[in-house]
$ cat structure_1.csv   # CSV, C-alpha atoms
chain,number,residue,atom,x,y,z
A,358,MET,CA,89.8,88.9,25.7
A,359,SER,CA,92.2,86.8,23.6
A,360,LYS,CA,92.0,86.6,19.8
A,361,GLU,CA,92.1,83.3,18.0
A,362,LEU,CA,95.0,83.6,15.6
A,363,LYS,CA,95.5,82.1,12.1
A,364,ILE,CA,99.1,81.1,11.6
A,365,GLY,CA,101.2,80.7,8.5
A,366,LEU,CA,104.3,78.6,9.5
A,367,PHE,CA,107.5,78.6,7.6
A,368,GLY,CA,109.7,75.6,8.3
A,369,PHE,CA,108.8,72.1,9.6
A,370,GLY,CA,112.1,70.9,10.9
A,371,CYS,CA,113.0,70.2,14.5
A,372,VAL,CA,111.5,73.4,16.0
A,373,GLY,CA,108.5,73.6,13.6
A,374,GLN,CA,107.5,70.1,14.5
A,375,GLY,CA,108.0,70.9,18.2
A,376,LEU,CA,105.7,73.9,17.8
A,377,TYR,CA,103.1,71.8,16.0
A,378,HIS,CA,103.2,69.3,18.9
A,379,VAL,CA,103.0,71.7,21.8
A,380,LEU,CA,100.3,73.8,20.0
A,381,ASN,CA,98.1,70.8,19.5
A,382,ASN,CA,98.7,69.5,23.0
A,383,SER,CA,98.2,72.9,24.7
A,384,THR,CA,95.2,73.4,27.0
A,385,GLY,CA,93.5,76.8,27.4
A,386,PHE,CA,95.0,78.3,24.3
A,387,ARG,CA,93.9,77.9,20.6
A,388,ALA,CA,95.5,79.0,17.4
A,389,ASP,CA,95.1,77.4,14.0
A,390,ILE,CA,98.0,76.7,11.6
A,391,VAL,CA,96.5,77.4,8.2
A,392,LYS,CA,99.5,76.7,6.0
A,393,ILE,CA,103.0,75.3,6.5
A,394,GLY,CA,105.6,76.5,4.0
A,395,VAL,CA,108.5,74.1,3.2
A,396,LYS,CA,111.1,73.8,0.5
A,397,ASN,CA,111.8,70.0,0.0
A,398,LYS,CA,109.1,68.5,-2.2
A,399,ASN,CA,110.3,65.0,-1.8
A,400,LYS,CA,110.3,64.8,2.0
A,401,GLU,CA,107.6,62.9,3.8
A,402,ARG,CA,105.5,65.0,6.3
A,403,THR,CA,103.6,63.9,9.3
A,404,VAL,CA,100.8,66.4,8.7
A,405,ALA,CA,97.9,66.5,6.2
A,406,LYS,CA,99.0,67.3,2.7
A,407,GLU,CA,96.6,70.2,2.3
A,408,LEU,CA,98.5,72.1,5.1
A,409,ILE,CA,101.7,72.0,3.1
A,410,THR,CA,102.7,74.6,0.5
A,411,PHE,CA,105.9,75.2,-1.5
A,412,ASP,CA,104.9,78.7,-2.5
A,413,LYS,CA,105.6,81.4,0.1
A,414,GLY,CA,102.9,83.6,-1.5
A,415,ASP,CA,100.2,81.1,-0.2
A,416,ILE,CA,101.1,82.4,3.2
A,417,LEU,CA,102.3,86.0,2.7
A,418,ASN,CA,99.4,86.9,0.4
A,419,ASN,CA,96.7,85.1,2.4
A,420,PRO,CA,94.5,87.7,4.2
A,421,GLU,CA,93.2,85.1,6.6
A,422,ILE,CA,96.6,84.6,8.1
A,423,ASP,CA,97.5,87.3,10.6
A,424,VAL,CA,100.6,85.8,12.1
A,425,VAL,CA,103.7,84.5,10.3
A,426,VAL,CA,105.9,82.1,12.3
A,427,GLU,CA,109.4,81.8,10.8
A,428,LEU,CA,111.4,78.7,11.7
A,429,ILE,CA,113.8,78.0,8.8
A,430,ASP,CA,117.6,77.7,8.9
A,431,ASP,CA,118.5,80.1,6.1
A,432,ALA,CA,118.9,83.6,7.6
A,433,THR,CA,118.9,85.2,4.1
A,434,GLU,CA,115.6,83.6,3.0
A,435,ALA,CA,114.2,84.2,6.5
A,436,PHE,CA,114.9,88.0,6.1
A,437,LEU,CA,113.0,88.1,2.8
A,438,ILE,CA,110.0,86.3,4.4
A,439,VAL,CA,109.9,88.2,7.7
A,440,SER,CA,110.4,91.7,6.1
A,441,GLU,CA,107.7,90.9,3.5
A,442,ALA,CA,105.3,89.7,6.2
A,443,LEU,CA,105.9,92.9,8.3
A,444,LYS,CA,105.3,95.1,5.2
A,445,LYS,CA,102.0,93.3,4.6
A,446,GLY,CA,100.9,94.1,8.2
A,447,LYS,CA,101.3,90.6,9.6
A,448,HIS,CA,102.6,89.9,13.1
A,449,VAL,CA,105.8,87.9,13.1
A,450,VAL,CA,107.2,85.3,15.5
A,451,THR,CA,110.7,84.0,14.8
A,452,ALA,CA,113.4,81.9,16.5
A,453,ASN,CA,116.1,82.9,14.0
A,454,LYS,CA,118.8,84.6,16.1
A,455,LYS,CA,121.1,85.2,13.1
A,456,LEU,CA,118.4,86.9,11.1
A,457,LEU,CA,117.7,89.2,14.1
A,458,ALA,CA,121.3,90.0,15.0
A,459,LEU,CA,122.1,90.9,11.3
A,460,HIS,CA,119.0,93.0,10.7
A,461,LEU,CA,117.7,94.2,14.1
A,462,GLN,CA,117.4,97.9,13.2
A,463,GLU,CA,115.7,97.3,9.9
A,464,LEU,CA,113.2,94.8,11.3
A,465,LEU,CA,112.3,97.0,14.3
A,466,ASP,CA,111.7,99.9,11.9
A,467,LEU,CA,109.5,97.8,9.6
A,468,ALA,CA,107.4,96.5,12.6
A,469,GLN,CA,106.9,100.1,13.8
A,470,GLN,CA,106.0,101.4,10.4
A,471,SER,CA,103.3,98.7,10.0
A,472,ASN,CA,102.2,98.9,13.6
A,473,VAL,CA,102.6,95.1,14.1
A,474,SER,CA,104.4,92.9,16.6
A,475,LEU,CA,107.8,91.2,16.1
A,476,LEU,CA,108.4,88.7,18.8
A,477,TYR,CA,111.4,86.4,19.2
A,478,GLU,CA,111.6,84.8,22.7
A,479,ALA,CA,112.8,81.5,21.2
A,480,SER,CA,115.8,83.2,19.5
A,481,ALA,CA,117.7,83.4,22.8
A,482,CYS,CA,118.3,80.6,25.4
A,483,GLY,CA,115.6,78.1,24.4
A,484,SER,CA,113.0,77.7,27.0
A,485,ILE,CA,114.3,80.5,29.3
A,486,PRO,CA,112.0,83.6,29.1
A,487,ILE,CA,114.9,86.0,29.2
A,488,ILE,CA,113.7,88.5,26.6
A,489,ARG,CA,110.3,88.9,28.3
A,490,THR,CA,112.1,89.1,31.7
A,491,LEU,CA,114.3,91.9,30.5
A,492,GLU,CA,111.4,93.7,28.8
A,493,GLU,CA,108.9,93.4,31.7
A,494,TYR,CA,110.8,93.0,35.0
A,495,PHE,CA,114.0,95.0,34.3
A,496,ASP,CA,112.4,97.6,31.9
A,497,ASN,CA,113.2,100.5,34.3
A,498,GLU,CA,116.1,99.2,36.3
A,499,GLU,CA,119.7,100.0,35.3
A,500,LEU,CA,121.5,96.7,34.7
A,501,GLU,CA,125.1,96.0,35.5
A,502,LYS,CA,125.6,92.7,33.5
A,503,VAL,CA,123.9,89.9,31.7
A,504,SER,CA,126.0,86.7,31.3
A,505,GLY,CA,125.6,83.0,31.2
A,506,ILE,CA,125.4,79.9,29.0
A,507,PHE,CA,123.4,80.7,25.9
A,508,ASN,CA,124.2,77.7,23.7
A,509,GLY,CA,123.0,74.1,24.6
A,510,THR,CA,125.2,72.4,22.0
A,511,THR,CA,128.5,73.7,23.3
A,512,ASN,CA,127.4,73.2,26.9
A,513,TYR,CA,126.6,69.5,26.1
A,514,ILE,CA,130.0,69.0,24.4
A,515,LEU,CA,131.9,70.6,27.3
A,516,THR,CA,129.9,68.6,29.9
A,517,LYS,CA,130.8,65.3,28.1
A,518,THR,CA,134.5,66.2,27.6
A,519,ILE,CA,135.0,67.5,31.2
A,520,ASN,CA,132.7,65.3,33.3
A,521,GLU,CA,132.9,62.1,31.3
A,522,LYS,CA,136.3,62.5,29.7
A,523,LEU,CA,135.0,62.0,26.1
A,524,SER,CA,137.1,63.3,23.3
A,525,TYR,CA,135.8,66.5,21.6
A,526,ALA,CA,135.0,64.5,18.4
A,527,ASP,CA,133.0,61.9,20.3
A,528,ALA,CA,131.1,64.5,22.3
A,529,LEU,CA,130.3,66.4,19.2
A,530,LYS,CA,129.1,63.2,17.5
A,531,GLN,CA,126.8,62.4,20.5
A,532,ALA,CA,125.4,65.9,20.4
A,533,GLN,CA,124.6,65.5,16.7
A,534,GLU,CA,122.9,62.2,17.3
A,535,LYS,CA,120.7,63.7,20.0
A,536,GLY,CA,119.7,66.5,17.7
A,537,PHE,CA,121.4,69.2,19.7
A,538,ALA,CA,124.1,69.9,17.1
A,539,GLU,CA,123.7,70.5,13.3
A,540,SER,CA,125.7,68.4,10.8
A,541,ASP,CA,127.8,71.6,10.4
A,542,PRO,CA,128.3,72.7,14.0
A,543,THR,CA,130.4,75.8,13.2
A,544,ASN,CA,127.8,78.3,14.4
A,545,ASP,CA,127.6,76.7,17.8
A,546,VAL,CA,131.2,75.5,18.5
A,547,GLU,CA,132.9,78.7,17.3
A,548,GLY,CA,130.5,80.9,19.3
A,549,PHE,CA,128.6,82.6,16.5
A,550,ASP,CA,125.2,81.4,17.9
A,551,ALA,CA,126.0,82.7,21.3
A,552,LYS,CA,127.2,86.0,19.8
A,553,PHE,CA,123.9,86.5,17.9
A,554,LYS,CA,122.0,85.9,21.1
A,555,ALA,CA,124.2,88.3,23.0
A,556,VAL,CA,123.5,91.0,20.4
A,557,ILE,CA,119.8,90.5,20.8
A,558,LEU,CA,119.9,90.6,24.6
A,559,ALA,CA,122.1,93.7,24.6
A,560,LEU,CA,119.2,95.6,23.0
A,561,HIS,CA,116.7,94.6,25.7
A,562,ALA,CA,119.2,94.9,28.6
A,563,PHE,CA,120.9,98.1,27.7
A,564,GLY,CA,119.1,99.6,24.7
A,565,VAL,CA,122.0,99.3,22.3
A,566,ILE,CA,122.0,97.9,18.8
A,567,ILE,CA,125.4,96.4,18.0
A,568,LYS,CA,126.8,95.1,14.7
A,569,SER,CA,127.5,91.4,15.2
A,570,GLU,CA,130.8,91.7,13.3
A,571,ASP,CA,132.1,94.1,16.0
A,572,VAL,CA,131.6,91.4,18.7
A,573,LEU,CA,134.4,88.9,19.4
A,574,ASN,CA,133.4,85.3,19.4
A,575,LEU,CA,136.0,82.7,20.5
A,576,GLY,CA,134.7,79.1,20.7
A,577,ILE,CA,135.7,75.7,21.9
A,578,THR,CA,137.2,74.1,18.8
A,579,THR,CA,140.8,74.5,20.0
A,580,LEU,CA,140.1,73.1,23.5
A,581,HIS,CA,142.9,70.6,24.5
A,582,GLU,CA,143.1,68.0,27.3
A,583,ASN,CA,145.8,70.2,28.9
A,584,ASP,CA,143.3,73.0,29.2
A,585,ILE,CA,140.8,70.7,30.8
A,586,LYS,CA,143.4,69.4,33.2
A,587,TYR,CA,144.5,72.9,34.2
A,588,ALA,CA,140.9,73.9,34.9
A,589,SER,CA,140.2,70.7,36.9
A,590,GLU,CA,143.3,71.2,39.0
A,591,LYS,CA,142.1,74.7,39.9
A,592,GLY,CA,138.6,73.4,40.7
A,593,TYR,CA,137.0,75.0,37.6
A,594,LYS,CA,134.7,73.9,34.9
A,595,ILE,CA,134.9,75.4,31.4
A,596,LYS,CA,131.8,77.0,29.9
A,597,LEU,CA,131.3,79.1,26.8
A,598,THR,CA,129.9,82.4,28.1
A,599,PRO,CA,128.8,85.6,26.5
A,600,ILE,CA,129.2,88.7,28.7
A,601,ILE,CA,127.2,91.8,28.2
A,602,GLN,CA,128.5,94.3,30.8
A,603,ARG,CA,128.1,97.9,31.7
A,604,LEU,CA,131.4,99.7,32.4
A,605,GLU,CA,132.4,103.1,33.8
A,606,ASP,CA,131.9,106.2,31.6
A,607,ASP,CA,128.6,104.7,30.5
A,608,LYS,CA,130.1,102.1,28.2
A,609,VAL,CA,128.9,98.6,27.4
A,610,SER,CA,131.1,95.7,26.3
A,611,VAL,CA,129.9,92.5,24.6
A,612,PHE,CA,131.9,89.4,23.7
A,613,VAL,CA,131.8,85.6,23.7
A,614,ALA,CA,134.7,83.4,25.0
A,615,PRO,CA,135.3,80.2,27.0
A,616,ARG,CA,135.5,80.9,30.8
A,617,PHE,CA,136.7,79.1,33.9
A,618,ILE,CA,133.8,78.8,36.2
A,619,LYS,CA,134.2,78.5,40.0
A,620,THR,CA,132.0,76.2,42.2
A,621,SER,CA,130.4,79.3,43.7
A,622,ASN,CA,129.0,80.4,40.4
A,623,HIS,CA,125.4,79.5,39.4
A,624,LEU,CA,126.7,78.3,36.1
A,625,PHE,CA,128.9,75.6,37.6
A,626,ASN,CA,126.1,73.0,37.8
A,627,VAL,CA,124.4,74.0,34.5
A,628,ASP,CA,125.3,70.9,32.4
A,629,ASN,CA,124.4,69.1,29.2
A,630,GLU,CA,122.0,71.0,26.9
A,631,PHE,CA,120.8,73.3,29.6
A,632,ASN,CA,121.3,77.1,29.5
A,633,GLY,CA,121.6,79.5,32.4
A,634,VAL,CA,121.4,83.3,32.5
A,635,ILE,CA,122.6,85.6,35.2
A,636,VAL,CA,121.1,89.1,35.3
A,637,GLU,CA,122.7,91.6,37.7
A,638,GLY,CA,120.6,94.7,38.5
A,639,LYS,CA,121.8,97.9,40.1
A,640,PHE,CA,119.2,97.6,42.9
A,641,SER,CA,117.8,94.1,42.7
A,642,GLY,CA,121.1,92.3,42.7
A,643,GLU,CA,121.7,88.9,41.0
A,644,GLN,CA,118.9,86.8,39.4
A,645,PHE,CA,119.5,83.4,37.9
A,646,LEU,CA,117.4,81.6,35.3
A,647,GLN,CA,117.9,78.1,34.0
A,648,GLY,CA,116.2,75.9,31.4
A,649,ARG,CA,116.7,73.7,28.4
A,650,GLY,CA,118.6,75.5,25.7
A,651,ALA,CA,118.2,73.0,22.9
A,652,GLY,CA,115.6,70.6,21.6
A,653,SER,CA,112.4,70.5,19.7
A,654,TYR,CA,109.8,70.9,22.5
A,655,PRO,CA,111.5,73.5,24.7
A,656,THR,CA,112.1,75.8,21.7
A,657,GLY,CA,108.6,75.1,20.4
A,658,ALA,CA,107.2,76.0,23.8
A,659,ALA,CA,109.0,79.4,23.7
A,660,VAL,CA,107.6,80.1,20.2
A,661,LEU,CA,104.1,79.2,21.5
A,662,SER,CA,104.5,81.6,24.4
A,663,ASP,CA,105.0,84.4,21.8
A,664,ILE,CA,102.0,83.3,19.9
A,665,SER,CA,99.9,83.3,23.1
A,666,ALA,CA,101.2,86.8,23.9
A,667,LEU,CA,100.2,88.0,20.5
A,668,SER,CA,96.6,86.8,21.1
A,669,HIS,CA,96.5,89.4,23.8
A,670,GLY,CA,98.0,92.2,21.6
A,671,TYR,CA,101.5,92.1,23.2
A,672,LYS,CA,104.4,94.1,21.8
A,673,TYR,CA,107.9,94.7,23.0
A,674,GLU,CA,108.2,98.3,24.3
A,675,PHE,CA,112.0,98.7,23.9
A,676,LYS,CA,112.0,101.2,26.8
A,677,LYS,CA,115.8,101.2,27.1
A,678,TYR,CA,116.2,101.6,23.4
A,679,THR,CA,113.9,104.7,23.3
A,680,GLN,CA,115.5,106.5,26.2
A,681,LYS,CA,117.7,109.5,25.4
A,682,HIS,CA,120.8,108.6,27.3
A,683,LYS,CA,122.0,105.1,26.3
A,684,PRO,CA,125.4,103.5,27.0
A,685,GLN,CA,127.8,103.2,24.1
A,686,PHE,CA,129.3,100.0,22.9
A,687,THR,CA,133.1,99.6,23.2
A,688,ASN,CA,135.8,97.0,22.6
A,689,ASP,CA,138.4,99.1,24.4
A,690,VAL,CA,138.5,96.8,27.5
A,691,LEU,CA,141.0,94.6,29.4
A,692,LEU,CA,140.3,91.0,30.2
A,693,ASP,CA,141.9,88.5,32.6
A,694,VAL,CA,142.6,85.4,30.5
A,695,TYR,CA,144.4,82.0,30.4
A,696,PHE,CA,146.3,81.6,27.1
A,697,ARG,CA,147.7,78.2,26.1
A,698,TYR,CA,150.3,78.8,23.4
A,699,SER,CA,153.0,76.9,21.4
A,700,SER,CA,155.8,79.3,20.6
A,701,VAL,CA,157.4,82.6,21.5
A,702,LEU,CA,155.9,84.0,18.3
A,703,ASP,CA,152.4,83.3,19.8
A,704,LEU,CA,153.3,85.6,22.8
A,705,GLU,CA,154.5,88.3,20.5
A,706,LYS,CA,151.2,88.1,18.6
A,707,ILE,CA,149.0,87.9,21.8
A,708,GLU,CA,150.7,90.6,23.8
A,709,PHE,CA,149.8,90.8,27.5
A,710,THR,CA,149.7,94.1,29.4
A,711,GLU,CA,150.3,92.2,32.7
A,712,ILE,CA,151.4,88.6,33.4
A,713,LYS,CA,150.3,86.9,36.7
A,714,GLU,CA,151.3,83.3,36.1
A,715,LYS,CA,153.4,81.6,33.4
A,716,TYR,CA,154.4,78.0,32.7
A,717,THR,CA,156.8,76.7,30.0
A,718,GLY,CA,157.1,72.9,29.4
A,719,SER,CA,158.3,70.6,26.6
A,720,HIS,CA,154.7,70.1,25.3
A,721,TYR,CA,152.6,72.6,27.1
A,722,ASN,CA,152.9,76.3,27.8
A,723,TYR,CA,150.5,78.8,29.2
A,724,VAL,CA,150.3,82.3,30.6
A,725,VAL,CA,147.6,84.0,32.8
A,726,GLY,CA,147.3,87.7,32.8
A,727,LYS,CA,145.6,90.8,31.3
A,728,VAL,CA,145.1,91.2,27.6
A,729,LYS,CA,143.3,93.8,25.5
A,730,LEU,CA,140.1,92.7,23.9
A,731,GLN,CA,141.2,94.5,20.8
A,732,THR,CA,144.2,92.3,20.6
A,733,LEU,CA,142.0,89.1,20.6
A,734,ILE,CA,139.7,90.6,18.0
A,735,LYS,CA,142.7,91.4,15.7
A,736,GLU,CA,144.4,88.0,16.2
A,737,ARG,CA,141.3,85.8,16.3
A,738,GLY,CA,142.2,84.1,13.0
A,739,TYR,CA,145.8,83.5,14.2
A,740,ILE,CA,144.5,81.9,17.5
A,741,LEU,CA,142.2,79.5,15.6
A,742,SER,CA,144.6,78.6,12.8
A,743,ASN,CA,147.4,77.8,15.2
A,744,ASN,CA,145.2,75.8,17.5
A,745,LEU,CA,145.8,78.1,20.5
A,746,PHE,CA,143.2,78.4,23.4
A,747,ILE,CA,142.0,81.4,25.3
A,748,SER,CA,139.7,81.3,28.3
A,749,LEU,CA,138.6,84.0,30.7
A,750,VAL,CA,139.8,83.2,34.2
A,751,ASN,CA,137.0,85.3,35.7
A,752,ASP,CA,134.4,87.7,34.4
A,753,SER,CA,136.4,90.8,35.3
A,754,VAL,CA,136.1,93.4,32.5
A,755,SER,CA,137.6,96.9,32.8
A,756,LEU,CA,138.0,99.8,30.5
A,757,ASP,CA,141.4,100.1,28.8
A,758,LYS,CA,142.7,103.3,30.3
A,759,THR,CA,145.5,103.6,27.7
A,760,VAL,CA,142.9,104.1,25.0
A,761,ILE,CA,141.0,106.7,27.0
A,762,LYS,CA,144.3,108.6,27.7
A,763,THR,CA,145.2,108.5,24.0
A,764,GLU,CA,141.7,109.8,23.0
A,765,LEU,CA,141.9,112.6,25.6
A,766,LYS,CA,145.4,113.5,24.3
A,767,LYS,CA,144.1,113.7,20.7
A,768,GLU,CA,141.2,115.9,21.8
A,769,LYS,CA,143.5,118.3,23.5
A,770,GLN,CA,145.8,118.5,20.4
A,771,LEU,CA,142.8,119.2,18.1
A,772,ALA,CA,141.6,121.9,20.5
$ encode --input "structure_1.csv" --output "structure tokens"
Amino acid sequence: MSKELKIGLFGFGCVGQGLYHVLNNSTGFRADIVKIGVKNKNKERTVAKELITFDKGDILNNPEIDVVVELIDDATEAFLIVSEALKKGKHVVTANKKLLALHLQELLDLAQQSNVSLLYEASACGSIPIIRTLEEYFDNEELEKVSGIFNGTTNYILTKTINEKLSYADALKQAQEKGFAESDPTNDVEGFDAKFKAVILALHAFGVIIKSEDVLNLGITTLHENDIKYASEKGYKIKLTPIIQRLEDDKVSVFVAPRFIKTSNHLFNVDNEFNGVIVEGKFSGEQFLQGRGAGSYPTGAAVLSDISALSHGYKYEFKKYTQKHKPQFTNDVLLDVYFRYSSVLDLEKIEFTEIKEKYTGSHYNYVVGKVKLQTLIKERGYILSNNLFISLVNDSVSLDKTVIKTELKKEKQLA
């Protein structure tokens, strides 16, 4: 028997309005929004004035409200709201991936202490039910990899620049006009948004909590027409893809970077604002999920699915997180990449362990080969400030054996 929930909603922007619409047009499920907390007192709202409040205490201190839905942009303010709601014994639904990625451990502990649910399906990949899928379907199966397109904004921009030959600036402007990109698109185009989602999914896929500052994110801001031309000549598309992968020695690697996608890959035809997720299980093989990754209604629908689950007493079980033997996160891996550079100094900075292909021209130089992930982490600022471009040429990720040998040598010396 489902319980009719009383909701306190924080934020009435794109997603908040989307939730309000899908909730009021949903059949077979009822929940009442008691109050909507907003900040801007001068903004016109499309809802009854008595629903609006500018005092968060009207929601957090209201005993009638049993669910707080947090849909604001400010991750710092969101943390104060969500942590207070959990402490007061209220269930929480949020779509704030930055909030979660920065405070996962703390929020999980608070929810457990108060014996309430913290649900966040809408925080990763829009309308795709990837968190619930990992929690319910893959809760006992050992996974090999989770990868895909996690950000609708960058995918829209890449689709327009590659398929329609728009300039990066024009494609970004179009994405902003359609509401897929913020006025400041840094979080999306530099890969922070995708990184936050990867950190969240790593918890549910492999049971590991990773600090987001330890995860590399390279975006698409330095993409040049020469990079697009190279990819097109090879029959590739360029996508921004997080990779969460199990490696030998029970290690897990997580990072975000552009990637050349072959026609045989499920992601090749995932265009515009759509997202796609590939889950590879040890026994079940490869599963592919696709859906809208940006927009008011798709994200609002994902929030509503969490509210509906709450009405039946649903909680994440975090089975992989609670198991004794969990894989360990590592950045000591080798990647196969394409690197477009400008000078010899660039090659000295981004040192390759193996070179498979190299081209030097008057206005365009590139090298394809193996590079250490640690090198890219160290020189990320150099790559961006010098307008250089890195793309994975495949999703091959392997442990850096030189690091392992060095560690073993140190252990022997200490012994």
$ atom_distance --input "structure_1.csv" --atom1 "atom CA of A:Asp389" --atom2 "atom CA of A:Glu492"
27.4 Å
$ closest_residue --input "structure_1.csv" --among "A:Arg603, A:Ile393, A:Asn632, A:Glu539" --to "A:Ile422" --atoms "all atoms listed in the file"
A:Ile393
$ atom_distance --input "structure_1.csv" --atom1 "atom CA of A:Leu704" --atom2 "atom CA of A:Leu741"
14.6 Å
$ residues_around --input "structure_1.csv" --residues "A:Asp757" --least-positions-apart "2" --cutoff "12 Å" --atoms "only C-alpha atoms" --output "ChimeraX atom specification"
/A:604-606,608,610,687-692,710,727-732,754-755,759-764
$ atom_distance --input "structure_1.csv" --atom1 "atom CA of A:Gln462" --atom2 "atom CA of A:Glu427"
18.1 Å
